[in-house]
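S.K.: For reference, the structure I am asking about is given below.
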8 protein chains.
Amino acid sequence: MENNFFLDLNRLDRLGFPEVVYGKNKDTQSLINISQKLLEAHGCAYITRLQDDKFAEIQSQFSHHLIEYDPASGACIIGKPRQIKSDCKVAVISAGTSDEYVVNEALYTLKFLGIEAETFQDVGVAGLHRILSILDTLQKFDILIVVAGFEGALPTVLGGLVSKPIIAVPAAIGYGVAEGGKSALESMLGSCANGIMVMNIDNGYGAAIAAFRILKAIDHKIQQITK
Amino acid sequence: MENNFFLDLNRLDRLGFPEVVYGKNKDTQSLINISQKLLEAHGCAYITRLQDDKFAEIQSQFSHHLIEYDPASGACIIGKPRQIKSDCKVAVISAGTSDEYVVNEALYTLKFLGIEAETFQDVGVAGLHRILSILDTLQKFDILIVVAGFEGALPTVLGGLVSKPIIAVPAAIGYGVAEGGKSALESMLGSCANGIMVMNIDNGYGAAIAAFRILKAIDHKIQQITK
Amino acid sequence: MENNFFLDLNRLDRLGFPEVVYGKNKDTQSLINISQKLLEAHGCAYITRLQDDKFAEIQSQFSHHLIEYDPASGACIIGKPRQIKSDCKVAVISAGTSDEYVVNEALYTLKFLGIEAETFQDVGVAGLHRILSILDTLQKFDILIVVAGFEGALPTVLGGLVSKPIIAVPAAIGYGVAEGGKSALESMLGSCANGIMVMNIDNGYGAAIAAFRILKAIDHKIQQITK
Amino acid sequence: MENNFFLDLNRLDRLGFPEVVYGKNKDTQSLINISQKLLEAHGCAYITRLQDDKFAEIQSQFSHHLIEYDPASGACIIGKPRQIKSDCKVAVISAGTSDEYVVNEALYTLKFLGIEAETFQDVGVAGLHRILSILDTLQKFDILIVVAGFEGALPTVLGGLVSKPIIAVPAAIGYGVAEGGKSALESMLGSCANGIMVMNIDNGYGAAIAAFRILKAIDHKIQQITK
Amino acid sequence: MENNFFLDLNRLDRLGFPEVVYGKNKDTQSLINISQKLLEAHGCAYITRLQDDKFAEIQSQFSHHLIEYDPASGACIIGKPRQIKSDCKVAVISAGTSDEYVVNEALYTLKFLGIEAETFQDVGVAGLHRILSILDTLQKFDILIVVAGFEGALPTVLGGLVSKPIIAVPAAIGYGVAEGGKSALESMLGSCANGIMVMNIDNGYGAAIAAFRILKAIDHKIQQITK
Amino acid sequence: MENNFFLDLNRLDRLGFPEVVYGKNKDTQSLINISQKLLEAHGCAYITRLQDDKFAEIQSQFSHHLIEYDPASGACIIGKPRQIKSDCKVAVISAGTSDEYVVNEALYTLKFLGIEAETFQDVGVAGLHRILSILDTLQKFDILIVVAGFEGALPTVLGGLVSKPIIAVPAAIGYGVAEGGKSALESMLGSCANGIMVMNIDNGYGAAIAAFRILKAIDHKIQQITK
Amino acid sequence: MENNFFLDLNRLDRLGFPEVVYGKNKDTQSLINISQKLLEAHGCAYITRLQDDKFAEIQSQFSHHLIEYDPASGACIIGKPRQIKSDCKVAVISAGTSDEYVVNEALYTLKFLGIEAETFQDVGVAGLHRILSILDTLQKFDILIVVAGFEGALPTVLGGLVSKPIIAVPAAIGYGVAEGGKSALESMLGSCANGIMVMNIDNGYGAAIAAFRILKAIDHKIQQITK
Amino acid sequence: MENNFFLDLNRLDRLGFPEVVYGKNKDTQSLINISQKLLEAHGCAYITRLQDDKFAEIQSQFSHHLIEYDPASGACIIGKPRQIKSDCKVAVISAGTSDEYVVNEALYTLKFLGIEAETFQDVGVAGLHRILSILDTLQKFDILIVVAGFEGALPTVLGGLVSKPIIAVPAAIGYGVAEGGKSALESMLGSCANGIMVMNIDNGYGAAIAAFRILKAIDHKIQQITK
């Protein structure tokens, strides 16, 4: 009975960002082994959805490295975040303060990738003046990541007001029919606003990578034009 | 093998509105029989969800009565609508013109009950200036019935702007995840706005009866106070 | 990386009731910060779905304020409840004693808003004589909030017997197909009774706000008539 | 490539009722072949869910036999119904006249089996006085089959009032969340009333066979006692 | 703020069995209060789904009464079980030993009602010889309660072999698509076998009451015939 | 605006069977173009789920080729079926004659692939003696494809009696909860019998290809052993 | 009874693209009225999901305008498409030729917006060499729209190979569990590939608008840099 | 009240593998009793989904036997694994290291049955070069068991590249729409690749038994040919 394991150390070359570790269902020893290999290959490792108790063990194991950990989202950066050169800026907007764990997963992923970001939290549509008051500010960003739970109406309202690319992320915040985030997800997918792009529930990580793909497309085009 | 049928001719006394006939799954002969009995008891009959072909037969059967029929909703009033005395007004608001069949079911039911109403259609949140432009007008109504399909965000946005009772009706308008109106329904039930009351999908009829119940409560209280 | 937070302190002016804090997914420090701001602005704060352990910390933080906490529903009133002047009365009716956590959420919200209410609990339709015995009493209330789990038939039966506005709240009480309250919710939405208005599962809070909106409409009309 | 077909001609001996043909998805030639074999074995054949166009062909094929066909349910009895001797009586009760296709499937199945039955239709709980007015009559039946669509509350209310065995059948009558009969089904399964037995949606046929099983148990016990 | 509670002490007269307490979501003090009232009215009380920790408190509270408690099902009989006179016997059959908690809920409910029962456990269809070996024995019972989880095929196979009334109970045993018992439930409802009557998932209690209703119908008919 | 189309003419080399055309959603001209290319490459083409009206056009277009068409399943073989040399035999077993369209899709696919097969239809578990009577015959086949609708119990029962590889195919035959075949699918996936392999609903085609893969594995091993 | 209609003629100014008409549920007269207003305001109108019979009427009504209509998708451009100046190119890639209706909706929308696009169809992962053979070509596009039905794996595979922004669109192509496109949707949302952005099922229109938003962000940044 | 238990000790004779114990929902005493009987009959017992705390008790009870336990899957072999003679080899392939608990359940079951197996883990399609690099190696195995969570695309990609029998097992790894493994399951069932056979979510055990059935069919055919 032979067991063979593979790891995608080539992703950085193919896609511009390295393999990332989904921490939720892996035991600590597996997490340490994989992180070690990623650190050796890339100088940094990034674990998402890392539980507090596993973090403690990982921290002591990699005590000689920089480690940053966000308990709300479980995001964990081991080693020095990556550095890219880009003029693009990303705004992360949320409907309520309960969405913060998703906001943070996006933020820490952007940080790991070396991208500048700013957050605008608790601007849900039940108090519409809040989002209206920051419209001009939002126009200065290149890409909007918009997080909402409950009925998930925020990306729809923003999509009718702002022409920027909007990456919508439903949050598993709510109860009854809204429990688990499916209502917010369907609200975003079925939006009467046009061209809203949607991620899986709670997938702040994916939203950040999607923003990275767009940002890379912008930077690549600028390089073509300006060289 | 004996078959016994019952009909609720007492509802008008109990609740203030007569029994209404759900037309969708009944054959024409049953519809004629039931309508005849309601006409005899109350001087009018109201059928909902009546298909065009059945209406033709019913029209010829009751040719000596006033008949009004709306093909979009299938609402059919036989005989003279009821008359009530009320100072209350109802606004029926919809997100898109595709929602008109639900708007009309509410309107014809209100008409059958003798209630004044006005519609504001195609004011969906993807073009937010539309709803903002009629806010002052809406404040003059006592009850708002709000219809929306797709992501169903309109009652949520209105609920944050207007303090009136809001009866939200999801419409089965949309495709993909929004097909059949469940997304809109869950969006309204799980709304981050407060105190939105929700009806079944496409239930313009029920929304009108709910408005009638509230209107009766208002009128009843006024009578208590002013007598 | 800049983080900006917004809070809807303007809601009281727009809608007549202040912003309320959804306690379930927020950490204690966030709850304290938000409550502090609401206390400063309005003289009171209201947290729903507050877990016992978080309440302990909040109680010690706001020890110099009046605090009322209901462990069944997690409702928590900090400061002095609001006061309104109204002749309207609300009845909160439930099918079984297991529904008490929803009944209480409605009750405490009504109390926070300054509205008088009375409860009639454990009057489910499996023992029909119970609801029949209180029909005359119920006629004296202006608005009925009706809570039920399992098959959720109580609002349907009441809707056929009483002409008052009925705000139905499904409770997540039951097992098998009834687990989580979806059966009760669909039962209420699809009711053969007419004009039943429905809230999200367990949303006693929303039912109270909906009642507040109707009560305000009644009081506003009376003011118009009687001035 | 060899095709072998089997048919359960032994069921009458094992269970006391013969194999029955589910007509919905079979082509007419298959229906004729199978009916022919059942006629030869048992002197009668029973097809359920037979569409009108197929019935025309079958009628001409078996023109030398007694044929009874109900277009509402698609029930079709070819040959002479079976005859049993029983003192038991079955009541078939329905909430609305739209449920008639299910009522009829139960009725024709009972007729095919040789059992006496009576119907009480349109006694839904939105007009509660109807069901209360026939309670004494219902006590004279041994078994109650109760059909309801929409929210399906009728068996729950009956279950709290009558001690007889109740076989509940949800009907696919309703729209929105109630479309297809799942809400009524879950309402019956999750009923707060006790000991309600439930059949599949629209399964009037199965309800009749279930009644037959109970009736046989009664008759068998009487034979044991009285011999 | 006045709270009124009702309790159905009249059920025993109406239906022949007393109100029973659903223990899962009630706090211990409520359980004690309700049980006390039932004990006073009927001499016994029956709680279902009672958790171990609540049982401890209840046991000490009612230490002067007979108490029987089954930890697998949470069934708890306080006081002396009821006594009825009946010649009928019920068999409770299960597919696997994991279904025992449902079997026991049915058994203890039958015991509380004073009915004799016998169990046949772990006779699932994956080892078909087991059920075939007890067919003759099963023919001696008047009513069969059949419990199964996973794909829930046992009632279907039994329904083709035995003519007795079959009350099928899906158990929430299984994983993946079978988790929670919905697959077993749908399997029983959609069975190709005829006349299988189905209860909610895990509802051993309801199955026993349903058996009681049938048993009462048998005994009542015998009394009519033999008097 | 340039449109580029690709077609998998290499599949025969990679997998041993050629690309097949899913006919349901393609217009006739596309079907003709693709079939033409497959005929040129392989000497035969196979279309599944071909509607009758499209078949008429295709037949006239390819009138100079052998064409075989099964209206029940929509299977259409253009050109000469493939020929393979194998000692393996496949049995296709079904619960009811309504399942014939799925049986036929499997049969025609096997025929197209050059594999011998035999069918055993209408042997559902509601008449268990039927399946028991052919057990010895079934032991002579190498692979069993088992089709069932409604509750889908047949593969479970067979899985406990026969040691052969069982490929289960749920059929979309049934109504209510069984409509669309999901209940049968879940029943097969969640089976208490061991090692049942399951295909998508109605996927007789896939079952035949799965049988082909197993048959190839057998033949390949025999070649290794016997060369 | 007054009816007020609103139309979002301001969208072009806010978002850079005009309001578009969802044709599926509107009657022809409404479509003509709305299109007339859009033509007057913008010189062009775009209707999606327009059925063939309605198109005939619309064509005769607007016979003096350029009209382009695609029957596969129902896309209809009235008047001269818009013109924008952009160096960006969009590739529309699909898994099978059955997906063409979604591909075309994206294509016609891009055409209406004045954007250049190229399609690569029938490159599904069941024949992986197809997608591998066009990887270099795809690198030359700025944005990829990827359409797939059935299990929807194509965006996942592409997402691991190409760094460009990927807008995934599930198509309602497939049967059984894949019917309606929900499986493909969930596959794209839950993808193990990183940063895939997802649209509603069949939403080729939305994918094109999303591409437009990204393209605008690119062009806007280039303008900032190069001015 | 008599309780009768049955156990399928005859399965080994019928099917070639003994009854196995599903450990998740049984109490420890039941597990010990059943294991004891299986040990006596077959010399070994196999428990799946055994929780850690129950294992401790079982280990001490059977301390005089060989015991092997895998905490990731809960697989527990008591006594000496079975021995069979076969030239066939099984490969167990997984998309990610989080899938290990399913891989292990398959591996330990194969070990218990006496079959040789090798694993290839973390070869998901987001890094396609991994699976392409082991294609030649996989061709040497007779049967492939393929485990994947999230979008479950791995069996589809493999199915287009390898002609071997593929037994796909969805893993309950993922979040949002992918939580619980249903997305992966539907992806595998609805695969555009041909002839993928699917097991229930997490059913590594069933996959191993399915492989055993195929392996037995191969060995049996070889015996027929070579004798």
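Convention: chains lettered A, B, ... in structure tokens order; per-chain residue numbering from 1; ligands numbered from 1 as shown.
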Can you list, as a ChimeraX atom specification, all residues belonging to stretch 9-187 of chain B that DSSP tags as alpha helix (DSSP H)?
M.R.: /B:11-15,28-42,52-61,100-113,129-133,135-138,154-159,182-187
S.K.: If you count only C-alpha atoms, which residues fall within 6 Å of F:Thr48, apart from same-chain ones fewer than 6 positions away, as a PyMOL selection string?
M.R.: chain F and resi 22-23+74-75
S.K.: Just write the chosen residues, N, CA and C atoms, as a PDB file, in the first residue's frame.
M.R.:
```pdb
ATOM      1  N   TYR F  22     -25.293  14.310 -28.228  1.00  0.00           N
ATOM      2  CA  TYR F  22     -26.452  14.530 -27.360  1.00  0.00           C
ATOM      3  C   TYR F  22     -27.459  15.360 -28.155  1.00  0.00           C
ATOM      4  N   GLY F  23     -28.568  14.730 -28.556  1.00  0.00           N
ATOM      5  CA  GLY F  23     -29.432  15.344 -29.558  1.00  0.00           C
ATOM      6  C   GLY F  23     -30.446  16.350 -29.047  1.00  0.00           C
ATOM      7  N   GLY F  74     -35.249   7.738 -28.062  1.00  0.00           N
ATOM      8  CA  GLY F  74     -34.638   8.709 -28.953  1.00  0.00           C
ATOM      9  C   GLY F  74     -33.257   8.297 -29.430  1.00  0.00           C
ATOM     10  N   ALA F  75     -32.858   7.046 -29.190  1.00  0.00           N
ATOM     11  CA  ALA F  75     -31.549   6.567 -29.652  1.00  0.00           C
ATOM     12  C   ALA F  75     -31.569   6.392 -31.167  1.00  0.00           C
TER      13      ALA F  75
END
```
S.K.: Among the residues of stretch 45-219 of chain C, find those DSSP assigns to strand (DSSP E) from the backbone and print them as a PyMOL selection string.
M.R.: chain C and resi 45-48+67-70+75-79+90-94+117-121+143-148+166-170+197-198
S.K.: List as a VMD selection string the protein and nucleic acid residues near A:His42, meaning an atom at most 10 Å away when only C-alpha atoms are counted, but skip any in the same chain fewer than 6 places from it.
M.R.: chain A and resid 9 12 17 to 19 79 to 80 82
S.K.: How about saving the chosen residues, all heavy atoms kept, as a CSV table (one decimal), in the first residue's frame?
M.R.:
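Written out: part29.csv:
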```csv
chain,number,residue,atom,x,y,z
A,9,LEU,N,3.4,23.3,-7.0
A,9,LEU,CA,4.4,24.4,-6.8
A,9,LEU,C,4.6,25.2,-8.0
A,9,LEU,O,5.3,26.2,-8.0
A,9,LEU,CB,5.7,23.7,-6.3
A,9,LEU,CG,5.7,23.0,-5.0
A,9,LEU,CD1,7.0,22.3,-4.6
A,9,LEU,CD2,5.3,24.0,-3.9
A,12,LEU,N,2.5,29.4,-9.3
A,12,LEU,CA,3.0,30.8,-9.3
A,12,LEU,C,3.4,31.2,-10.7
A,12,LEU,O,3.1,32.3,-11.2
A,12,LEU,CB,4.1,31.0,-8.3
A,12,LEU,CG,4.7,32.4,-8.2
A,12,LEU,CD1,3.7,33.4,-7.8
A,12,LEU,CD2,5.9,32.3,-7.2
A,17,PHE,N,0.1,33.7,-9.0
A,17,PHE,CA,-0.1,33.6,-7.5
A,17,PHE,C,0.2,32.1,-7.1
A,17,PHE,O,-0.1,31.2,-7.9
A,17,PHE,CB,-1.5,34.1,-7.1
A,17,PHE,CG,-2.6,33.4,-7.8
A,17,PHE,CD1,-3.1,32.2,-7.3
A,17,PHE,CD2,-3.2,33.9,-9.0
A,17,PHE,CE1,-4.2,31.5,-8.0
A,17,PHE,CE2,-4.2,33.3,-9.6
A,17,PHE,CZ,-4.7,32.1,-9.1
A,18,PRO,N,0.7,31.9,-5.9
A,18,PRO,CA,1.1,30.6,-5.5
A,18,PRO,C,-0.1,29.8,-5.0
A,18,PRO,O,-1.1,30.3,-4.7
A,18,PRO,CB,2.1,30.8,-4.4
A,18,PRO,CG,1.7,32.1,-3.8
A,18,PRO,CD,1.1,32.9,-4.9
A,19,GLU,N,0.1,28.4,-4.9
A,19,GLU,CA,-0.9,27.6,-4.2
A,19,GLU,C,-1.1,28.1,-2.8
A,19,GLU,O,-0.2,28.5,-2.1
A,19,GLU,CB,-0.5,26.1,-4.2
A,19,GLU,CG,-1.5,25.3,-3.5
A,19,GLU,CD,-1.5,23.8,-4.0
A,19,GLU,OE1,-0.5,23.3,-4.4
A,19,GLU,OE2,-2.6,23.2,-3.9
A,79,GLY,N,5.6,33.9,6.6
A,79,GLY,CA,6.6,34.5,5.8
A,79,GLY,C,6.2,35.9,5.3
A,79,GLY,O,5.2,36.4,5.8
A,80,LYS,N,7.0,36.4,4.4
A,80,LYS,CA,6.8,37.8,4.0
A,80,LYS,C,5.8,37.8,2.8
A,80,LYS,O,6.0,37.1,1.8
A,80,LYS,CB,8.1,38.4,3.5
A,80,LYS,CG,8.1,39.9,3.6
A,80,LYS,CD,9.6,40.4,3.3
A,80,LYS,CE,9.5,41.8,2.6
A,80,LYS,NZ,10.6,42.0,1.6
A,82,ARG,N,3.8,38.7,-0.6
A,82,ARG,CA,4.4,39.0,-1.9
A,82,ARG,C,4.3,40.5,-2.2
A,82,ARG,O,3.5,41.2,-1.6
A,82,ARG,CB,3.6,38.1,-2.9
A,82,ARG,CG,3.7,36.6,-2.6
A,82,ARG,CD,3.1,35.8,-3.7
A,82,ARG,NE,3.5,36.2,-5.0
A,82,ARG,CZ,4.7,36.1,-5.6
A,82,ARG,NH1,5.7,35.4,-4.9
A,82,ARG,NH2,5.0,36.5,-6.8
```
S.K.: Need to verify the contact set: G:Ile167, 7 Å, only C-alpha atoms, exclusion of same-chain residues closer than 4 positions in sequence. Can you return it as a PyMOL selection string?
M.R.: chain G and resi 144-146+196-198+207
S.K.: Residues at most 9 Å from H:Cys192, counting only C-alpha atoms, excluding those fewer than 2 positions away in the same chain, as a compact mmCIF listing (two decimals) with all heavy atoms, in the first residue's frame?
M.R.:
```
# COMPACT_ATOMS: atom_id res chain seq x y z
N GLY G 124 -15.07 21.11 -24.51
CA GLY G 124 -15.31 20.57 -23.17
C GLY G 124 -14.19 19.66 -22.68
O GLY G 124 -13.43 19.10 -23.47
N VAL G 125 -14.12 19.47 -21.36
CA VAL G 125 -13.00 18.77 -20.75
C VAL G 125 -13.02 17.26 -20.97
O VAL G 125 -12.03 16.58 -20.67
CB VAL G 125 -12.92 19.06 -19.23
CG1 VAL G 125 -12.69 20.54 -19.00
CG2 VAL G 125 -14.16 18.58 -18.52
N ALA G 126 -14.12 16.71 -21.49
CA ALA G 126 -14.13 15.27 -21.78
C ALA G 126 -13.17 14.95 -22.93
O ALA G 126 -12.80 13.78 -23.13
CB ALA G 126 -15.54 14.80 -22.11
N GLY G 149 -22.52 23.57 -19.60
CA GLY G 149 -23.65 22.93 -18.96
C GLY G 149 -23.18 21.67 -18.26
O GLY G 149 -22.09 21.62 -17.75
N PHE G 150 -24.03 20.66 -18.17
CA PHE G 150 -23.70 19.41 -17.48
C PHE G 150 -22.97 19.70 -16.17
O PHE G 150 -23.48 20.47 -15.38
CB PHE G 150 -22.88 18.48 -18.40
CG PHE G 150 -23.73 17.89 -19.48
CD1 PHE G 150 -23.80 18.49 -20.73
CD2 PHE G 150 -24.51 16.76 -19.26
CE1 PHE G 150 -24.61 17.96 -21.73
CE2 PHE G 150 -25.31 16.23 -20.26
CZ PHE G 150 -25.36 16.83 -21.49
N GLU G 151 -21.79 19.12 -15.96
CA GLU G 151 -21.10 19.31 -14.68
C GLU G 151 -20.33 20.62 -14.62
O GLU G 151 -19.76 20.94 -13.59
CB GLU G 151 -20.19 18.12 -14.40
CG GLU G 151 -18.79 18.23 -14.93
CD GLU G 151 -18.76 18.37 -16.45
OE1 GLU G 151 -19.56 17.69 -17.12
OE2 GLU G 151 -17.93 19.15 -16.96
N GLY G 152 -20.27 21.37 -15.71
CA GLY G 152 -19.67 22.72 -15.67
C GLY G 152 -18.22 22.79 -15.28
O GLY G 152 -17.80 23.76 -14.64
N ALA G 153 -17.40 21.83 -15.68
CA ALA G 153 -16.00 21.79 -15.23
C ALA G 153 -15.06 22.68 -16.03
O ALA G 153 -13.94 22.93 -15.60
CB ALA G 153 -15.49 20.34 -15.26
N GLY G 174 -28.40 19.72 -19.92
CA GLY G 174 -28.16 18.52 -19.14
C GLY G 174 -29.50 17.95 -18.70
O GLY G 174 -30.55 18.54 -18.94
N THR H 156 -14.39 13.61 -14.04
CA THR H 156 -14.74 14.01 -15.41
C THR H 156 -13.49 14.10 -16.27
O THR H 156 -13.44 13.57 -17.39
CB THR H 156 -15.48 15.36 -15.38
OG1 THR H 156 -16.75 15.18 -14.77
CG2 THR H 156 -15.69 15.90 -16.78
N GLY H 160 -12.16 11.34 -19.43
CA GLY H 160 -11.87 11.66 -20.81
C GLY H 160 -10.50 11.21 -21.24
O GLY H 160 -10.17 11.25 -22.44
N MET H 188 -20.45 14.79 -10.58
CA MET H 188 -20.03 13.45 -11.03
C MET H 188 -21.17 12.74 -11.76
O MET H 188 -20.96 12.08 -12.78
CB MET H 188 -19.55 12.63 -9.83
CG MET H 188 -18.27 13.20 -9.23
SD MET H 188 -17.87 12.43 -7.64
CE MET H 188 -16.39 13.36 -7.17
N GLY H 190 -23.69 14.17 -13.30
CA GLY H 190 -24.05 14.88 -14.53
C GLY H 190 -22.86 15.08 -15.45
O GLY H 190 -22.95 15.88 -16.38
N ASN H 194 -18.03 10.08 -20.08
CA ASN H 194 -18.95 8.96 -20.30
C ASN H 194 -18.66 7.78 -19.38
O ASN H 194 -17.51 7.36 -19.25
CB ASN H 194 -18.82 8.48 -21.75
CG ASN H 194 -19.10 9.58 -22.75
OD1 ASN H 194 -20.23 9.83 -23.10
ND2 ASN H 194 -18.04 10.28 -23.18
```
